[in-house]
Amino acid sequence: MQYLVDAAIDVAQLIDMVSSDERGGTAAFIGSVRRGPDDGPVVGIEYSAYEAMVETQLDKIIARAAERWPQARVEVRHRIGRVATREASVAVVVGAPHRAEAFAACRYVVEQLKQRVPIWKREILETGERRWRTGDLSPEEHP
Amino acid sequence: MQYLVDAAIDVAQLIDMVSSDERGGTAAFIGSVRRGPDDGPVVGIEYSAYEAMVETQLDKIIARAAERWPQARVEVRHRIGRVATREASVAVVVGAPHRAEAFAACRYVVEQLKQRVPIWKREILETGERRWRTGDLSPEEHP
Amino acid sequence: MWIFRLFFSSMQSPSSISVRCRLFARYAEIVGQDEVTLSLQRDATVAQAVAVLRQSVPDGARLPEQPMVAVNQEHALAGQVLADGDEIALLPPLAGG
Amino acid sequence: MWIFRLFFSSMQSPSSISVRCRLFARYAEIVGQDEVTLSLQRDATVAQAVAVLRQSVPDGARLPEQPMVAVNQEHALAGQVLADGDEIALLPPLAGG
């Protein structure tokens, strides 16, 4: 597994990996586990994934980014398993010769990841209860 | 001085500063000293600034960003003095509840910084020679 | 020549195919298992596989009728025709990031 | 009343003002100094200050005729009127980042 990791994401290391003498601009997106005002007593998130498909899809997303922005270099890491509030759950880091490419490629990979990569999250509440969440949406109702 | 620093920029610390339970999306831009194919034997860059104006202008840029994206929190650091190739010279890190705001505010602050903040760079060549550079452009001709 | 093709084609494609069906996250929770092997008629589509699955596992009717589906790790539309040995996966609404 | 105002106004605004002019980066290198105090006529503009500066320092003619200028740490246009005690700065093309 290249993209899924079960320990803290080292953003500084990723920045170092994508930067080079020729790539002076790095754009990064870091998603962290948050507790919004309506979220109640969430102490963490448990991520699960269709792991083989995560790898397949991220390979393709990064390959498409490389076609559109040939001089960019992309690194992606996503946590799997339990992640505490405020820890980073995902990092997308893109180095490019110029900042416009770095921002565009970073945004592209983040949006594609959200739309295409099979990862799910379940909130862990203070009470020990668990609750499935959909991406960027309110909690899913149990059917 | 709040924004100008003379030691390595700790990006992970800035990410930690702007993230919170309510701010789950962080967008960052990191500019590093690069040596492009036409740049010759550059070993580093020496940054100088109109220091008081850097602080005044960044205060205003960040205040304007706060008006447009009230839930975003912005941190900016720019190196002053000598910076070696591949080290970060600037970091703009923005935490927000959602990634669209984080990306937009980060891009805004970076563009404003490049346009309005009085910082200059002089390339240090392997030969010890120094050469003024303008932003994002080819070397300035000496008049 | 045309007769030969038909002949070989029917030799290589028996009347039913076997498809591995994987379930994830909330869907696995609903049906109490994360993998089911389905026997489908030849040329069955994704939609038909989902219909068979919903009838053949406990609480299968609680799965959506038109879930997001992947075939061999690629996102697939309901009309895609399946082949013997394919792996299909029912994907609850994605929530990466 | 009107006469009073004129009287006080001329008391408080002598015929010349003093402006601190700062030079940075390549511009400081060209003229060999990073700060000059200019004496300007009352109501002088940024453009007039630059013109005076270019004539009053060694190699001043090598400075651009219309450089980027800040007044009291704010970007300023050529027509801005200066006041006694202002700090103006000639800014070479910016290169932060």
# chains A, B, ... in the order shown; residues from 1 in each chain; ligands from 1
>>> residues_around(residues="segment 85-96 of chain A", least_positions_apart="4", cutoff="6 Å", atoms="only C-alpha atoms", output="PyMOL selection string")
(chain A and resi 18-19+23+25-34+43-44+71-79+102+106) or (chain C and resi 97)
>>> closest_atom_pairs(of="chain D", to="chain B", cutoff="10 Å", atoms="only C-alpha atoms", output="JSON lines")
{"residue": "D:Arg22", "atom": "CA", "partner": "B:Tyr50", "partner_atom": "CA", "distance": 9.1}
{"residue": "D:Leu23", "atom": "CA", "partner": "B:Tyr50", "partner_atom": "CA", "distance": 9.1}
{"residue": "D:Phe24", "atom": "CA", "partner": "B:Tyr50", "partner_atom": "CA", "distance": 7.2}
{"residue": "D:Ala25", "atom": "CA", "partner": "B:Trp120", "partner_atom": "CA", "distance": 6.5}
{"residue": "D:Arg26", "atom": "CA", "partner": "B:Trp132", "partner_atom": "CA", "distance": 7.0}
{"residue": "D:Ile30", "atom": "CA", "partner": "B:Pro143", "partner_atom": "CA", "distance": 9.2}
{"residue": "D:Arg62", "atom": "CA", "partner": "B:Pro143", "partner_atom": "CA", "distance": 6.7}
{"residue": "D:Leu63", "atom": "CA", "partner": "B:Pro143", "partner_atom": "CA", "distance": 8.4}
{"residue": "D:Pro64", "atom": "CA", "partner": "B:Pro143", "partner_atom": "CA", "distance": 9.1}
{"residue": "D:Ala70", "atom": "CA", "partner": "B:Met53", "partner_atom": "CA", "distance": 8.8}
{"residue": "D:Val71", "atom": "CA", "partner": "B:Met53", "partner_atom": "CA", "distance": 9.9}
{"residue": "D:Asn72", "atom": "CA", "partner": "B:Met53", "partner_atom": "CA", "distance": 8.2}
{"residue": "D:Gln73", "atom": "CA", "partner": "B:Met53", "partner_atom": "CA", "distance": 4.8}
{"residue": "D:Glu74", "atom": "CA", "partner": "B:Met53", "partner_atom": "CA", "distance": 7.5}
{"residue": "D:His75", "atom": "CA", "partner": "B:Arg116", "partner_atom": "CA", "distance": 7.8}
{"residue": "D:Ala89", "atom": "CA", "partner": "B:Tyr50", "partner_atom": "CA", "distance": 8.7}
{"residue": "D:Leu91", "atom": "CA", "partner": "B:Pro118", "partner_atom": "CA", "distance": 7.0}
{"residue": "D:Pro92", "atom": "CA", "partner": "B:Trp120", "partner_atom": "CA", "distance": 7.8}
{"residue": "D:Pro93", "atom": "CA", "partner": "B:Thr134", "partner_atom": "CA", "distance": 5.8}
{"residue": "D:Leu94", "atom": "CA", "partner": "B:Pro118", "partner_atom": "CA", "distance": 5.7}
{"residue": "D:Ala95", "atom": "CA", "partner": "B:Gly135", "partner_atom": "CA", "distance": 3.7}
{"residue": "D:Gly96", "atom": "CA", "partner": "B:Ile119", "partner_atom": "CA", "distance": 4.7}
{"residue": "D:Gly97", "atom": "CA", "partner": "B:Val90", "partner_atom": "CA", "distance": 5.3}
>>> atom_distance(atom1="atom CA of Ser20 of chain B", atom2="atom CA of Arg107 of chain A")
21.4 Å
>>> select_by_dssp(residues="chain A", states="helix (DSSP H, G or I)", output="ChimeraX atom specification")
/A:11-18,51-68,99-116
>>> write_last_selection(atoms="N, CA and C atoms", output="compact mmCIF listing (two decimals), in the first residue's frame")
# COMPACT_ATOMS: atom_id res chain seq x y z
N VAL A 11 3.79 15.72 6.99
CA VAL A 11 3.60 16.65 5.88
C VAL A 11 4.92 17.26 5.43
N ALA A 12 5.78 17.57 6.39
CA ALA A 12 7.07 18.18 6.03
C ALA A 12 7.87 17.24 5.12
N GLN A 13 7.80 15.96 5.40
CA GLN A 13 8.52 14.99 4.57
C GLN A 13 7.93 14.95 3.15
N LEU A 14 6.60 15.03 3.05
CA LEU A 14 5.96 15.02 1.72
C LEU A 14 6.37 16.27 0.94
N ILE A 15 6.41 17.41 1.63
CA ILE A 15 6.83 18.65 0.95
C ILE A 15 8.25 18.48 0.41
N ASP A 16 9.09 17.86 1.22
CA ASP A 16 10.47 17.63 0.79
C ASP A 16 10.51 16.70 -0.43
N MET A 17 9.63 15.69 -0.44
CA MET A 17 9.63 14.73 -1.55
C MET A 17 9.23 15.37 -2.88
N VAL A 18 8.29 16.34 -2.85
CA VAL A 18 7.80 16.90 -4.12
C VAL A 18 8.58 18.13 -4.57
N GLU A 51 -9.30 -1.25 -0.03
CA GLU A 51 -7.90 -0.84 -0.10
C GLU A 51 -7.29 -0.98 -1.50
N ALA A 52 -7.55 -2.11 -2.16
CA ALA A 52 -6.95 -2.29 -3.49
C ALA A 52 -7.47 -1.23 -4.45
N MET A 53 -8.76 -0.88 -4.33
CA MET A 53 -9.32 0.11 -5.24
C MET A 53 -8.80 1.52 -4.91
N VAL A 54 -8.55 1.80 -3.66
CA VAL A 54 -7.94 3.08 -3.30
C VAL A 54 -6.62 3.24 -4.05
N GLU A 55 -5.82 2.20 -4.04
CA GLU A 55 -4.52 2.28 -4.71
C GLU A 55 -4.70 2.45 -6.23
N THR A 56 -5.59 1.62 -6.81
CA THR A 56 -5.84 1.70 -8.26
C THR A 56 -6.32 3.10 -8.66
N GLN A 57 -7.30 3.61 -7.91
CA GLN A 57 -7.89 4.90 -8.28
C GLN A 57 -6.90 6.05 -8.07
N LEU A 58 -6.15 6.01 -6.98
CA LEU A 58 -5.19 7.10 -6.77
C LEU A 58 -4.06 7.05 -7.81
N ASP A 59 -3.64 5.86 -8.19
CA ASP A 59 -2.67 5.76 -9.29
C ASP A 59 -3.19 6.48 -10.54
N LYS A 60 -4.48 6.22 -10.86
CA LYS A 60 -5.05 6.82 -12.07
C LYS A 60 -5.21 8.33 -11.94
N ILE A 61 -5.67 8.78 -10.77
CA ILE A 61 -5.85 10.22 -10.56
C ILE A 61 -4.51 10.94 -10.70
N ILE A 62 -3.49 10.36 -10.10
CA ILE A 62 -2.16 10.99 -10.16
C ILE A 62 -1.61 10.95 -11.58
N ALA A 63 -1.90 9.86 -12.31
CA ALA A 63 -1.46 9.78 -13.71
C ALA A 63 -2.16 10.84 -14.57
N ARG A 64 -3.47 11.03 -14.32
CA ARG A 64 -4.18 12.08 -15.07
C ARG A 64 -3.65 13.46 -14.72
N ALA A 65 -3.33 13.68 -13.45
CA ALA A 65 -2.74 14.97 -13.06
C ALA A 65 -1.40 15.16 -13.77
N ALA A 66 -0.65 14.10 -13.90
CA ALA A 66 0.67 14.19 -14.55
C ALA A 66 0.53 14.51 -16.04
N GLU A 67 -0.59 14.05 -16.65
CA GLU A 67 -0.82 14.42 -18.06
C GLU A 67 -1.14 15.90 -18.19
N ARG A 68 -1.97 16.41 -17.26
CA ARG A 68 -2.38 17.81 -17.36
C ARG A 68 -1.29 18.77 -16.92
N ARG A 99 3.47 28.36 -9.03
CA ARG A 99 2.42 28.13 -8.05
C ARG A 99 1.05 27.87 -8.68
N ALA A 100 0.79 28.45 -9.86
CA ALA A 100 -0.52 28.23 -10.48
C ALA A 100 -0.74 26.74 -10.75
N GLU A 101 0.28 26.08 -11.29
CA GLU A 101 0.18 24.63 -11.53
C GLU A 101 0.05 23.87 -10.23
N ALA A 102 0.83 24.27 -9.24
CA ALA A 102 0.80 23.54 -7.96
C ALA A 102 -0.59 23.61 -7.34
N PHE A 103 -1.19 24.82 -7.32
CA PHE A 103 -2.53 24.97 -6.76
C PHE A 103 -3.55 24.17 -7.58
N ALA A 104 -3.48 24.29 -8.90
CA ALA A 104 -4.48 23.64 -9.75
C ALA A 104 -4.41 22.12 -9.61
N ALA A 105 -3.21 21.58 -9.64
CA ALA A 105 -3.06 20.13 -9.55
C ALA A 105 -3.48 19.63 -8.16
N CYS A 106 -3.16 20.39 -7.14
CA CYS A 106 -3.53 19.99 -5.77
C CYS A 106 -5.04 19.95 -5.63
N ARG A 107 -5.69 21.01 -6.10
CA ARG A 107 -7.15 21.07 -6.01
C ARG A 107 -7.79 19.92 -6.80
N TYR A 108 -7.24 19.67 -8.00
CA TYR A 108 -7.76 18.58 -8.84
C TYR A 108 -7.68 17.24 -8.11
N VAL A 109 -6.54 16.94 -7.55
CA VAL A 109 -6.36 15.64 -6.90
C VAL A 109 -7.27 15.53 -5.67
N VAL A 110 -7.42 16.61 -4.91
CA VAL A 110 -8.30 16.57 -3.73
C VAL A 110 -9.73 16.29 -4.16
N GLU A 111 -10.21 17.00 -5.19
CA GLU A 111 -11.61 16.83 -5.61
C GLU A 111 -11.83 15.41 -6.16
N GLN A 112 -10.89 14.93 -6.95
CA GLN A 112 -11.01 13.58 -7.50
C GLN A 112 -10.99 12.54 -6.38
N LEU A 113 -10.12 12.76 -5.42
CA LEU A 113 -10.05 11.83 -4.29
C LEU A 113 -11.40 11.75 -3.58
N LYS A 114 -11.99 12.91 -3.31
CA LYS A 114 -13.27 12.94 -2.60
C LYS A 114 -14.35 12.23 -3.42
N GLN A 115 -14.29 12.37 -4.75
CA GLN A 115 -15.35 11.79 -5.59
C GLN A 115 -15.16 10.32 -5.92
N ARG A 116 -13.92 9.86 -6.01
CA ARG A 116 -13.67 8.56 -6.64
C ARG A 116 -13.01 7.52 -5.74
>>> atom_distance(atom1="atom CA of Val57 of chain C", atom2="atom CA of Val36 of chain C")
8.4 Å
>>> closest_residue(among="A:Leu125, A:Ala7, A:Val42, A:Val83", to="chain B", atoms="only C-alpha atoms")
A:Val42
